[in-house]
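J.: Just so it is clear, I am handing over input_32.txt, which has compact mmCIF, C-alpha atoms.
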# COMPACT_ATOMS: atom_id res chain seq x y z
CA MET A 505 55.51 57.10 -16.64
CA SER A 506 52.41 58.71 -15.10
CA GLN A 507 52.80 60.68 -11.85
CA LEU A 508 52.52 58.55 -8.72
CA ASN A 509 50.24 59.59 -5.84
CA THR A 510 52.87 58.40 -3.36
CA TYR A 511 56.37 56.97 -3.44
CA ARG A 512 55.89 55.38 -0.01
CA ALA A 513 53.27 52.69 -0.69
CA GLY A 514 55.59 49.86 -1.72
CA PRO A 515 56.23 47.02 -1.78
CA ASP A 516 53.18 45.37 -3.33
CA GLU A 517 51.65 42.19 -1.90
CA THR A 518 54.33 40.08 -3.63
CA GLY A 519 57.17 42.11 -2.16
CA HIS A 520 58.00 44.04 -5.34
CA PHE A 521 58.95 47.67 -5.94
CA GLY A 522 58.13 47.82 -9.64
CA ILE A 523 60.19 45.00 -11.19
CA PHE A 524 62.56 44.89 -8.18
CA GLY A 525 62.45 42.90 -4.93
CA GLY A 526 60.58 39.60 -4.57
CA GLN A 527 61.36 36.34 -2.78
CA PHE A 528 64.02 34.31 -4.63
CA VAL A 529 64.91 31.79 -1.91
CA ALA A 530 65.27 28.03 -1.47
CA GLU A 531 62.05 26.08 -0.86
CA THR A 532 63.36 25.23 2.63
CA LEU A 533 63.29 28.92 3.57
CA MET A 534 59.90 29.85 2.14
CA PRO A 535 57.87 28.76 5.21
CA LEU A 536 60.14 30.84 7.47
CA ILE A 537 59.98 33.85 5.14
CA LEU A 538 56.18 33.66 5.19
CA GLU A 539 56.21 33.21 9.00
CA LEU A 540 58.43 36.29 9.33
CA ASP A 541 56.14 38.30 7.07
CA THR A 542 53.12 37.36 9.17
CA ALA A 543 54.93 38.14 12.44
CA TYR A 544 56.03 41.53 11.14
CA GLU A 545 52.56 42.48 9.91
CA GLU A 546 51.10 41.50 13.30
CA SER A 547 53.78 43.47 15.17
CA LYS A 548 52.82 46.64 13.29
CA LYS A 549 49.33 46.44 14.80
CA ASP A 550 50.60 45.67 18.32
CA LYS A 551 50.83 48.77 20.52
CA GLU A 552 52.86 46.86 23.15
CA PHE A 553 55.51 46.00 20.51
CA ALA A 554 55.70 49.64 19.42
CA GLN A 555 55.99 50.86 23.03
CA GLN A 556 58.72 48.33 23.85
CA LEU A 557 60.73 49.28 20.75
CA SER A 558 60.29 53.00 21.39
CA GLY A 559 61.40 52.62 25.00
CA LEU A 560 64.52 50.66 24.05
CA LEU A 561 65.43 53.16 21.32
CA LYS A 562 65.17 56.00 23.84
CA HIS A 563 66.73 54.48 26.94
CA TYR A 564 69.18 51.91 25.49
CA VAL A 565 70.12 53.24 22.04
CA GLY A 566 70.05 56.88 23.13
CA ARG A 567 67.61 58.34 20.64
CA GLU A 568 66.80 60.83 19.47
CA SER A 569 70.11 61.47 17.77
CA PRO A 570 71.05 65.16 17.36
CA LEU A 571 70.60 67.19 14.17
CA TYR A 572 73.78 69.27 14.30
CA LEU A 573 74.54 72.47 12.38
CA ALA A 574 78.06 71.97 10.99
CA GLU A 575 79.13 75.62 11.07
CA ARG A 576 82.75 75.14 10.01
CA LEU A 577 81.90 72.81 7.10
CA THR A 578 79.27 75.38 6.07
CA GLU A 579 81.86 78.17 6.26
CA HIS A 580 84.43 76.07 4.38
CA TYR A 581 82.19 75.46 1.37
CA GLY A 582 80.71 78.96 1.46
CA GLY A 583 77.30 77.98 0.16
CA ALA A 584 74.43 75.97 1.60
CA LYS A 585 73.84 75.52 5.33
CA ILE A 586 74.99 71.99 6.27
CA TYR A 587 73.41 69.89 9.00
CA LEU A 588 74.64 66.46 10.14
CA LYS A 589 72.20 63.84 11.44
CA ARG A 590 74.36 62.28 14.16
CA GLU A 591 73.65 58.53 13.94
CA ASP A 592 77.29 58.06 14.97
CA LEU A 593 76.24 58.99 18.51
CA ASN A 594 73.90 56.01 18.89
CA HIS A 595 74.91 53.18 21.24
CA THR A 596 77.38 51.00 19.23
CA GLY A 597 78.24 54.01 17.05
CA ALA A 598 76.06 53.64 13.97
CA HIS A 599 72.52 53.57 12.61
CA LYS A 600 72.57 49.76 12.49
CA ILE A 601 71.28 49.42 16.07
CA ASN A 602 67.87 50.91 15.07
CA ASN A 603 67.12 47.94 12.84
CA CYS A 604 68.74 45.31 15.05
CA MET A 605 66.61 46.33 18.01
CA GLY A 606 63.45 45.92 15.93
CA GLN A 607 64.50 42.56 14.51
CA ILE A 608 65.57 41.07 17.87
CA LEU A 609 62.08 41.86 19.21
CA LEU A 610 60.62 40.04 16.19
CA ALA A 611 62.93 37.07 16.87
CA LEU A 612 61.73 36.90 20.48
CA ARG A 613 58.13 37.18 19.31
CA MET A 614 58.72 34.20 17.00
CA GLY A 615 60.34 32.13 19.77
CA LYS A 616 63.78 31.92 18.15
CA LYS A 617 66.77 30.98 20.33
CA ARG A 618 69.72 31.75 18.03
CA ILE A 619 70.72 34.82 16.01
CA ILE A 620 72.91 34.95 12.90
CA ALA A 621 74.01 37.91 10.82
CA GLU A 622 76.54 39.01 8.20
CA THR A 623 78.71 42.08 8.41
CA GLY A 624 81.16 44.06 6.30
CA ALA A 625 82.37 47.08 8.23
CA GLY A 626 81.48 45.34 11.47
CA GLN A 627 78.93 47.97 12.50
CA HIS A 628 75.98 45.65 11.83
CA GLY A 629 77.86 42.78 13.47
CA VAL A 630 78.50 44.81 16.61
CA ALA A 631 74.88 45.99 16.73
CA THR A 632 73.62 42.42 16.29
CA ALA A 633 75.99 41.05 18.94
CA THR A 634 74.86 43.85 21.25
CA VAL A 635 71.13 43.10 21.02
CA ALA A 636 71.79 39.35 21.26
CA ALA A 637 73.73 39.94 24.49
CA ARG A 638 71.02 42.28 25.79
CA PHE A 639 68.37 39.57 25.37
CA GLY A 640 70.54 36.52 26.13
CA LEU A 641 70.46 34.77 22.74
CA LYS A 642 73.30 32.85 21.08
CA CYS A 643 74.84 34.78 18.21
CA SER A 644 77.04 33.94 15.20
CA ILE A 645 78.35 36.67 12.87
CA TYR A 646 79.66 35.83 9.39
CA MET A 647 82.45 38.11 8.17
CA GLY A 648 84.82 37.93 5.21
CA GLU A 649 88.50 37.44 6.04
CA THR A 650 89.40 40.64 4.16
CA ASP A 651 86.97 42.63 6.30
CA ILE A 652 88.16 40.90 9.50
CA GLU A 653 91.65 42.15 8.72
CA ARG A 654 90.62 45.77 7.99
CA GLN A 655 88.04 46.05 10.81
CA LYS A 656 89.92 44.51 13.74
CA PRO A 657 88.46 46.77 16.47
CA ASN A 658 84.91 45.76 15.59
CA VAL A 659 85.85 42.06 15.45
CA PHE A 660 87.17 42.32 19.00
CA ARG A 661 84.04 44.19 20.10
CA MET A 662 81.80 41.43 18.73
CA LYS A 663 83.79 38.79 20.62
CA LEU A 664 83.65 40.83 23.84
CA LEU A 665 79.89 40.90 23.46
CA GLY A 666 79.85 37.11 23.39
CA ALA A 667 79.30 36.53 19.65
CA GLU A 668 81.06 33.91 17.56
CA VAL A 669 82.75 35.59 14.56
CA VAL A 670 82.85 33.10 11.68
CA PRO A 671 85.58 33.91 9.08
CA VAL A 672 84.53 33.52 5.43
CA SER A 673 87.35 32.62 3.02
CA SER A 674 85.38 32.22 -0.24
CA GLY A 675 85.21 34.73 -3.13
CA SER A 676 86.57 38.17 -2.38
CA ARG A 677 86.22 37.42 1.37
CA THR A 678 83.99 40.47 1.85
CA LEU A 679 80.33 41.28 2.54
CA LYS A 680 78.77 39.37 -0.41
CA ASP A 681 80.54 36.18 0.61
CA ALA A 682 79.58 36.63 4.27
CA MET A 683 75.92 36.97 3.25
CA ASN A 684 76.18 33.77 1.17
CA GLU A 685 77.43 31.83 4.20
CA ALA A 686 74.81 33.33 6.52
CA LEU A 687 72.06 32.23 4.11
CA ARG A 688 73.52 28.69 4.05
CA ASP A 689 73.49 28.61 7.85
CA TRP A 690 69.88 29.80 7.88
CA VAL A 691 68.74 27.09 5.44
CA THR A 692 70.38 24.47 7.70
CA ASN A 693 68.98 25.80 11.00
CA VAL A 694 65.56 27.23 10.15
CA ASP A 695 63.82 25.84 13.23
CA ASP A 696 65.60 27.82 15.95
CA THR A 697 67.52 30.55 14.08
CA PHE A 698 66.59 34.14 13.16
CA TYR A 699 68.67 35.91 10.49
CA ILE A 700 69.07 39.64 11.22
CA ILE A 701 69.79 41.15 7.80
CA GLY A 702 71.55 44.49 8.11
CA THR A 703 70.36 46.38 5.09
CA VAL A 704 67.32 47.02 2.88
CA ALA A 705 68.09 43.99 0.70
CA GLY A 706 67.35 40.25 0.75
CA PRO A 707 64.03 38.49 0.20
CA HIS A 708 60.75 40.18 1.09
CA PRO A 709 59.87 41.23 3.80
CA TYR A 710 63.46 42.24 4.75
CA PRO A 711 63.77 45.33 2.49
CA GLN A 712 60.49 46.62 3.91
CA LEU A 713 61.01 45.83 7.58
CA VAL A 714 64.61 47.11 7.68
CA ARG A 715 63.41 50.31 5.99
CA ASP A 716 60.57 50.69 8.47
CA PHE A 717 62.88 50.25 11.48
CA GLN A 718 65.30 52.82 10.03
CA THR A 719 62.73 55.51 9.16
CA VAL A 720 63.13 56.80 12.71
CA ILE A 721 66.12 58.70 11.22
CA GLY A 722 64.02 60.66 8.73
CA GLU A 723 61.06 61.12 11.06
CA GLU A 724 63.33 62.71 13.70
CA THR A 725 65.06 64.84 11.07
CA ARG A 726 61.71 66.16 9.92
CA ARG A 727 60.70 67.23 13.44
CA GLN A 728 64.13 68.60 14.31
CA MET A 729 64.48 70.68 11.14
CA LEU A 730 61.04 72.18 11.63
CA ALA A 731 61.99 73.05 15.21
CA GLN A 732 65.37 74.57 14.29
CA GLU A 733 64.65 76.25 10.95
CA GLY A 734 60.86 76.41 10.83
CA ARG A 735 60.76 74.53 7.54
CA LEU A 736 61.83 71.27 5.90
CA PRO A 737 65.31 70.77 4.39
CA ASP A 738 65.98 71.44 0.71
CA THR A 739 68.38 68.53 0.10
CA LEU A 740 69.03 65.17 1.74
CA LEU A 741 72.34 63.37 1.26
CA ALA A 742 73.44 59.87 2.33
CA CYS A 743 75.89 57.16 1.31
CA ILE A 744 74.62 54.00 -0.40
CA GLY A 745 75.89 50.45 -0.07
CA GLY A 746 72.89 48.22 0.47
CA GLY A 747 71.27 51.51 1.42
CA SER A 748 69.68 51.19 4.87
CA ASN A 749 70.89 54.48 6.37
CA ALA A 750 69.89 56.33 3.21
CA MET A 751 66.46 54.74 3.06
CA GLY A 752 65.92 55.56 6.73
CA LEU A 753 66.57 59.24 6.04
CA PHE A 754 64.90 59.44 2.62
CA HIS A 755 61.65 57.53 3.05
CA PRO A 756 59.69 59.98 5.25
CA PHE A 757 60.48 62.72 2.67
CA LEU A 758 59.81 60.85 -0.60
CA ASP A 759 56.42 62.49 -1.15
CA ASP A 760 57.78 66.02 -0.50
CA GLU A 761 58.42 66.75 -4.17
CA GLY A 762 60.31 69.98 -3.50
CA ILE A 763 63.05 68.20 -1.57
CA LYS A 764 66.03 67.00 -3.59
CA ILE A 765 67.24 63.56 -2.48
CA ILE A 766 70.72 62.27 -3.35
CA GLY A 767 72.35 58.89 -2.69
CA VAL A 768 76.13 58.55 -3.04
CA GLU A 769 77.54 55.22 -4.27
CA ALA A 770 81.16 54.12 -3.75
CA ALA A 771 83.12 54.70 -6.96
CA GLY A 772 86.30 53.06 -5.60
CA HIS A 773 89.10 53.78 -8.09
CA GLY A 774 86.55 55.23 -10.55
CA ILE A 775 83.38 54.11 -12.32
CA GLU A 776 85.37 53.71 -15.55
CA THR A 777 87.59 51.07 -13.86
CA ASP A 778 86.67 47.56 -12.67
CA LYS A 779 87.35 48.60 -9.07
CA HIS A 780 84.16 50.18 -7.75
CA ALA A 781 80.92 49.31 -5.89
CA ALA A 782 78.46 51.49 -7.82
CA SER A 783 75.68 49.00 -8.58
CA LEU A 784 73.27 51.55 -10.05
CA LYS A 785 75.67 53.43 -12.29
CA GLY A 786 77.85 50.45 -13.19
CA GLY A 787 75.46 47.51 -12.98
CA ARG A 788 72.21 46.11 -14.38
CA PRO A 789 69.20 44.20 -12.97
CA GLY A 790 69.67 40.61 -11.81
CA VAL A 791 68.97 38.32 -8.85
CA LEU A 792 71.18 37.91 -5.77
CA HIS A 793 70.55 37.11 -2.11
CA GLY A 794 66.84 36.60 -2.57
CA ASN A 795 65.86 39.75 -4.46
CA ARG A 796 65.94 41.29 -7.94
CA THR A 797 67.90 44.51 -8.02
CA TYR A 798 70.79 46.31 -9.75
CA LEU A 799 73.97 44.23 -9.52
CA LEU A 800 77.55 44.36 -10.76
CA GLN A 801 77.71 41.58 -13.39
CA ASP A 802 79.80 40.43 -16.33
CA ASP A 803 78.36 39.69 -19.79
CA ASP A 804 77.42 36.16 -18.66
CA GLY A 805 75.50 37.40 -15.62
CA GLN A 806 78.19 36.35 -13.14
CA ILE A 807 78.59 38.66 -10.14
CA ILE A 808 81.65 40.92 -10.34
CA GLU A 809 83.57 41.59 -7.14
CA ALA A 810 82.93 45.08 -5.77
CA HIS A 811 85.64 47.39 -4.46
CA SER A 812 85.51 50.22 -1.97
CA ILE A 813 87.92 51.49 0.66
CA SER A 814 84.84 51.37 2.88
CA ALA A 815 84.01 47.81 3.98
CA GLY A 816 80.35 48.70 4.53
CA LEU A 817 79.89 49.84 0.92
CA ASP A 818 81.91 46.96 -0.57
CA TYR A 819 78.87 45.04 -1.92
CA PRO A 820 77.93 44.31 -5.58
CA GLY A 821 74.22 45.07 -5.11
CA ILE A 822 71.79 47.58 -3.63
CA GLY A 823 68.39 47.42 -1.96
CA PRO A 824 65.52 46.90 -4.43
CA GLU A 825 63.62 50.03 -3.36
CA HIS A 826 66.65 52.13 -4.28
CA SER A 827 66.68 50.45 -7.72
CA TRP A 828 63.05 51.42 -8.20
CA LEU A 829 63.57 55.00 -6.96
CA ASN A 830 66.46 55.29 -9.41
CA ASP A 831 64.38 54.10 -12.35
CA VAL A 832 61.36 56.32 -11.55
CA GLY A 833 63.73 59.26 -11.03
CA ARG A 834 62.64 60.32 -7.54
CA VAL A 835 66.15 59.96 -6.07
CA GLU A 836 69.35 61.06 -7.80
CA TYR A 837 72.24 58.63 -7.43
CA VAL A 838 75.81 59.92 -7.78
CA ASN A 839 79.17 58.59 -6.64
CA ALA A 840 82.41 59.42 -4.82
CA THR A 841 85.80 57.72 -5.19
CA ASP A 842 88.03 56.31 -2.46
CA SER A 843 90.29 59.36 -2.73
CA GLU A 844 87.40 61.81 -2.46
CA ALA A 845 86.05 59.96 0.59
CA LEU A 846 89.47 60.03 2.25
CA GLU A 847 89.72 63.79 1.74
CA ALA A 848 86.25 64.32 3.16
CA PHE A 849 87.06 62.03 6.10
CA GLN A 850 90.05 64.20 7.04
CA LEU A 851 88.20 67.47 6.43
CA CYS A 852 85.36 66.50 8.78
CA CYS A 853 87.90 65.51 11.46
CA LYS A 854 89.79 68.79 11.22
CA LEU A 855 86.85 71.20 10.84
CA GLU A 856 84.18 69.63 13.03
CA GLY A 857 86.10 67.44 15.49
CA ILE A 858 84.05 64.47 14.28
CA ILE A 859 85.65 61.27 12.96
CA PRO A 860 83.09 59.94 10.45
CA ALA A 861 82.83 56.36 9.25
CA LEU A 862 84.40 55.86 5.82
CA GLU A 863 80.91 54.96 4.61
CA SER A 864 79.54 58.34 5.71
CA ALA A 865 82.62 60.07 4.25
CA HIS A 866 81.34 59.20 0.77
CA ALA A 867 78.23 61.33 1.41
CA LEU A 868 80.39 64.11 2.90
CA ALA A 869 82.61 63.99 -0.21
CA TYR A 870 79.73 65.01 -2.45
CA LEU A 871 79.38 68.30 -0.53
CA GLU A 872 82.41 69.52 -2.48
CA LYS A 873 80.41 69.34 -5.72
CA LEU A 874 77.06 70.33 -4.27
CA ALA A 875 77.28 72.90 -1.48
CA PRO A 876 79.43 75.77 -2.90
CA GLY A 877 77.02 76.48 -5.75
CA LEU A 878 73.91 76.71 -3.60
CA PRO A 879 72.53 79.83 -1.85
CA LYS A 880 73.30 80.34 1.86
CA ASP A 881 69.69 79.75 2.89
CA HIS A 882 69.62 76.32 1.22
CA LEU A 883 69.40 73.57 3.88
CA ILE A 884 71.31 70.29 3.37
CA VAL A 885 71.08 67.33 5.74
CA VAL A 886 73.88 64.73 5.53
CA ASN A 887 73.26 61.47 7.33
CA LEU A 888 76.35 60.71 9.41
CA SER A 889 75.59 57.00 9.51
CA GLY A 890 78.45 55.92 11.78
CA ARG A 891 81.65 56.86 13.55
CA GLY A 892 85.08 56.21 12.10
CA ASP A 893 87.10 54.81 14.99
CA LYS A 894 86.90 51.42 13.27
CA ASP A 895 88.46 52.90 10.12
CA ILE A 896 91.60 54.50 11.53
CA PHE A 897 93.84 51.57 10.51
CA THR A 898 92.49 51.62 6.93
CA VAL A 899 92.88 55.40 6.72
CA ALA A 900 96.38 55.34 8.21
CA ASP A 901 97.42 52.68 5.71
CA ALA A 902 95.98 54.68 2.80
CA LEU A 903 97.82 57.79 3.97
CA GLY A 904 101.10 55.91 4.45
CA VAL A 905 101.11 56.37 8.23
CA GLU A 906 102.49 53.58 10.41
CA LEU A 907 100.63 53.12 13.72
Can you present the structure in this file as structure tokens?

T.:
Amino acid sequence: MSQLNTYRAGPDETGHFGIFGGQFVAETLMPLILELDTAYEESKKDKEFAQQLSGLLKHYVGRESPLYLAERLTEHYGGAKIYLKREDLNHTGAHKINNCMGQILLALRMGKKRIIAETGAGQHGVATATVAARFGLKCSIYMGETDIERQKPNVFRMKLLGAEVVPVSSGSRTLKDAMNEALRDWVTNVDDTFYIIGTVAGPHPYPQLVRDFQTVIGEETRRQMLAQEGRLPDTLLACIGGGSNAMGLFHPFLDDEGIKIIGVEAAGHGIETDKHAASLKGGRPGVLHGNRTYLLQDDDGQIIEAHSISAGLDYPGIGPEHSWLNDVGRVEYVNATDSEALEAFQLCCKLEGIIPALESAHALAYLEKLAPGLPKDHLIVVNLSGRGDKDIFTVADALGVEL
């Protein structure tokens, strides 16, 4: 493949990143998808929209989030200098609020009266319920019964915020099934309902607009690293489920060829088993939830259930832009198992006094393989995408601790 001038130009006018992306939706939804695309393109030219979003991110979400030098993790690994981008300190405790705030403003701009969303770990559900409450819109959150059981604190938070949490009992009762039900709701209620998708997946323009709302993470990191170290980082590291936190960090740096960029998939019990959620390393291209991307499939093209100890990474697909970046080789995609994430989760608690989300712990787990072999002046940024309060029951159960 010839060298690209930029990795940041996509998608094309049909919503594709190479062969990935697109708009594979029911005819009923196409007018709304096109309406959303038009509204988003108009919002990008509207200074008032940008000012309103910027003001809410600063005064309501609490941005900018800190870029924190993790001195004890750095000392522990004895190699590269490790920084944590603290998205866990945002209002609601995760990066998800960045995107939800942008999408709720689009919903208001389009005159919608009702919000729906899907959620796995509950972080996107809480963020969606929060912005719906802030702007006084009705809100329904679809969530698999398995995830409802393992993310009880976030289920209660969504209900406190006034959202209806709709249990999904089909399939594996996790994120994929919740997204199926949310799409069915949307098809039925297109006139008054806006679907806030939580990651860089789904039909165009969702992968693009979610990415754009999340790039505030990478843009801040760029400024903060220049201020603290006088130069850009050498390596960026983030966990990958659908991939919104990773894309938010990565995208502003894609054209900086000297920066190594690494996404960490959830390997569950191991890539060699049938219990993992590593779509890129264990899947192949197909179509699901409105876009073409890498998916976990059997020989007949049927979707295979994903597995991860982390509810937010427990999804059999990945955002289409990640699929393209994998194939063109700009981003390296690796993986970490449940056990490795659990160890990293505990290490971060004990050394830094920070309880990371199990999702983020997958990125932290890769430091074990990466950091010790690098020189001490090498700068790594790990995106700490969320806080782990929601995960304490899952972690306690895995460690055999009765609460």

J.: Would you please work out which residue, of A:Ala637, A:Leu792, A:Ala625, A:Ile523, is nearest to His826 of chain A when using all atoms listed in the file?

T.: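 Counting all atoms listed in the file, the residue closest to His826 of chain A is A:Ile523.
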
J.: Using atom CA of Glu724 of chain A and atom CA of Leu571 of chain A as the two end points, give the distance in Å to one decimal.

T.: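 Going from atom CA of Glu724 of chain A over to atom CA of Leu571 of chain A, I get 8.6 Å.
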
J.: If you measure from atom CA of Ile721 of chain A to atom CA of His866 of chain A, what distance in Å do you get, rounded to one decimal?

T.: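 Value for the atom CA of Ile721 of chain A-atom CA of His866 of chain A distance: 18.5 Å.
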
J.: So that I can see what lies close to segment 827-831 of chain A, please list as a ChimeraX atom specification the residues with an atom at most 8 Å from it, counting all atoms listed in the file and leaving out residues fewer than 4 positions away in the same chain.

T.: /A:521-524,784,797-798,822-823,835-837

J.: My list of candidates is A:Pro876, A:Gly772, A:Pro860, A:Pro820. Which is closest to Asp842 of chain A when distances are computed with only C-alpha atoms?

T.: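 Of all the options, A:Gly772 lies closest to Asp842 of chain A.
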
J.: So that each row is one residue of segment 716-809 of chain A with an atom at most 12 Å from segment 607-621 of chain A, can you give its shortest atom pair and the distance in Å to one decimal, using all atoms listed in the file, rows by chain and rising number, as CSV?

T.:
residue,atom,partner,partner_atom,distance
A:Asp716,CA,A:Gln607,CA,10.9
A:Phe717,CA,A:Gln607,CA,8.4
A:Gln718,CA,A:Gln607,CA,11.2

J.: A:Gly583, A:Pro709, A:Gly624, A:Gly857: which is nearest Gly526 of chain A, counting all atoms listed in the file?

T.: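 The shortest atom-to-atom distance to Gly526 of chain A comes from A:Pro709.
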
J.: In Å to one decimal, how far is atom CA of Glu863 of chain A from atom CA of Ser812 of chain A?

T.: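 Atom-to-atom, atom CA of Ser812 of chain A and atom CA of Glu863 of chain A are spaced 9.3 Å apart.
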
J.: Ser864 of chain A: which residues within 8 Å, counting all atoms listed in the file, same-chain residues fewer than 2 positions away excluded, as a short mmCIF file (atom, residue, chain, number, x, y, z; two decimals) with C-alpha atoms, in the coordinates of the input?

T.:
data_model
loop_
_atom_site.label_atom_id
_atom_site.label_comp_id
_atom_site.auth_asym_id
_atom_site.auth_seq_id
_atom_site.Cartn_x
_atom_site.Cartn_y
_atom_site.Cartn_z
CA ALA A 742 73.44 59.87 2.33
CA CYS A 743 75.89 57.16 1.31
CA PRO A 860 83.09 59.94 10.45
CA ALA A 861 82.83 56.36 9.25
CA LEU A 862 84.40 55.86 5.82
CA HIS A 866 81.34 59.20 0.77
CA ALA A 867 78.23 61.33 1.41
CA LEU A 868 80.39 64.11 2.90
CA ASN A 887 73.26 61.47 7.33
CA LEU A 888 76.35 60.71 9.41
CA SER A 889 75.59 57.00 9.51
CA GLY A 890 78.45 55.92 11.78
#

J.: Out of A:Met534, A:His580, A:Glu723, A:Pro707, which residue has the shortest atom-to-atom distance to Glu568 of chain A when counting only C-alpha atoms?

T.: A:Glu723

J.: Could you list as an NGL selection string every residue that has an atom within 6 Å of (80.3, 49.7, -1.1), using the file's coordinates and counting only C-alpha atoms?

T.: :A and (745 or 770 or 781 or 812 or 816-819)

J.: Using C-alpha atoms, can you write the selected residues to a file as a short mmCIF file (atom, residue, chain, number, x, y, z; two decimals), keeping the file's coordinate frame?

T.:
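Ended up saving to result-v1.cif:
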data_model
loop_
_atom_site.label_atom_id
_atom_site.label_comp_id
_atom_site.auth_asym_id
_atom_site.auth_seq_id
_atom_site.Cartn_x
_atom_site.Cartn_y
_atom_site.Cartn_z
CA GLY A 745 75.89 50.45 -0.07
CA ALA A 770 81.16 54.12 -3.75
CA ALA A 781 80.92 49.31 -5.89
CA SER A 812 85.51 50.22 -1.97
CA GLY A 816 80.35 48.70 4.53
CA LEU A 817 79.89 49.84 0.92
CA ASP A 818 81.91 46.96 -0.57
CA TYR A 819 78.87 45.04 -1.92
#

J.: Do a neighbour search on Met683 of chain A at 12 Å with all atoms listed in the file, toss out local chain neighbours closer than 4 positions, and write the hits as a CSV table (one decimal) with C-alpha atoms, keeping the file's coordinate frame.

T.:
chain,number,residue,atom,x,y,z
A,620,ILE,CA,72.9,35.0,12.9
A,621,ALA,CA,74.0,37.9,10.8
A,622,GLU,CA,76.5,39.0,8.2
A,623,THR,CA,78.7,42.1,8.4
A,624,GLY,CA,81.2,44.1,6.3
A,629,GLY,CA,77.9,42.8,13.5
A,645,ILE,CA,78.4,36.7,12.9
A,646,TYR,CA,79.7,35.8,9.4
A,647,MET,CA,82.4,38.1,8.2
A,648,GLY,CA,84.8,37.9,5.2
A,670,VAL,CA,82.8,33.1,11.7
A,671,PRO,CA,85.6,33.9,9.1
A,672,VAL,CA,84.5,33.5,5.4
A,674,SER,CA,85.4,32.2,-0.2
A,675,GLY,CA,85.2,34.7,-3.1
A,677,ARG,CA,86.2,37.4,1.4
A,678,THR,CA,84.0,40.5,1.8
A,679,LEU,CA,80.3,41.3,2.5
A,687,LEU,CA,72.1,32.2,4.1
A,688,ARG,CA,73.5,28.7,4.0
A,689,ASP,CA,73.5,28.6,7.8
A,690,TRP,CA,69.9,29.8,7.9
A,699,TYR,CA,68.7,35.9,10.5
A,700,ILE,CA,69.1,39.6,11.2
A,701,ILE,CA,69.8,41.2,7.8
A,702,GLY,CA,71.6,44.5,8.1
A,703,THR,CA,70.4,46.4,5.1
A,705,ALA,CA,68.1,44.0,0.7
A,706,GLY,CA,67.4,40.2,0.8
A,746,GLY,CA,72.9,48.2,0.5
A,792,LEU,CA,71.2,37.9,-5.8
A,793,HIS,CA,70.6,37.1,-2.1
A,794,GLY,CA,66.8,36.6,-2.6
A,819,TYR,CA,78.9,45.0,-1.9
A,820,PRO,CA,77.9,44.3,-5.6
A,821,GLY,CA,74.2,45.1,-5.1

J.: List the neighbours of Asp803 of chain A out to 12 Å using only C-alpha atoms; skip same-chain residues closer than 3 positions along the sequence, and give me the result as a list in words.

T.: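 These residues fall inside the cut-off: Gly787, Arg788, Gly790, Leu800, Gln806, Ile807 and Ile808 of chain A.
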
J.: Which one is closest to Pro737 of chain A: A:Val886, A:Gln527, A:Gln655, A:Ala543? Count all atoms listed in the file.

T.: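 With all atoms listed in the file as the atom set, the closest residue is A:Val886.
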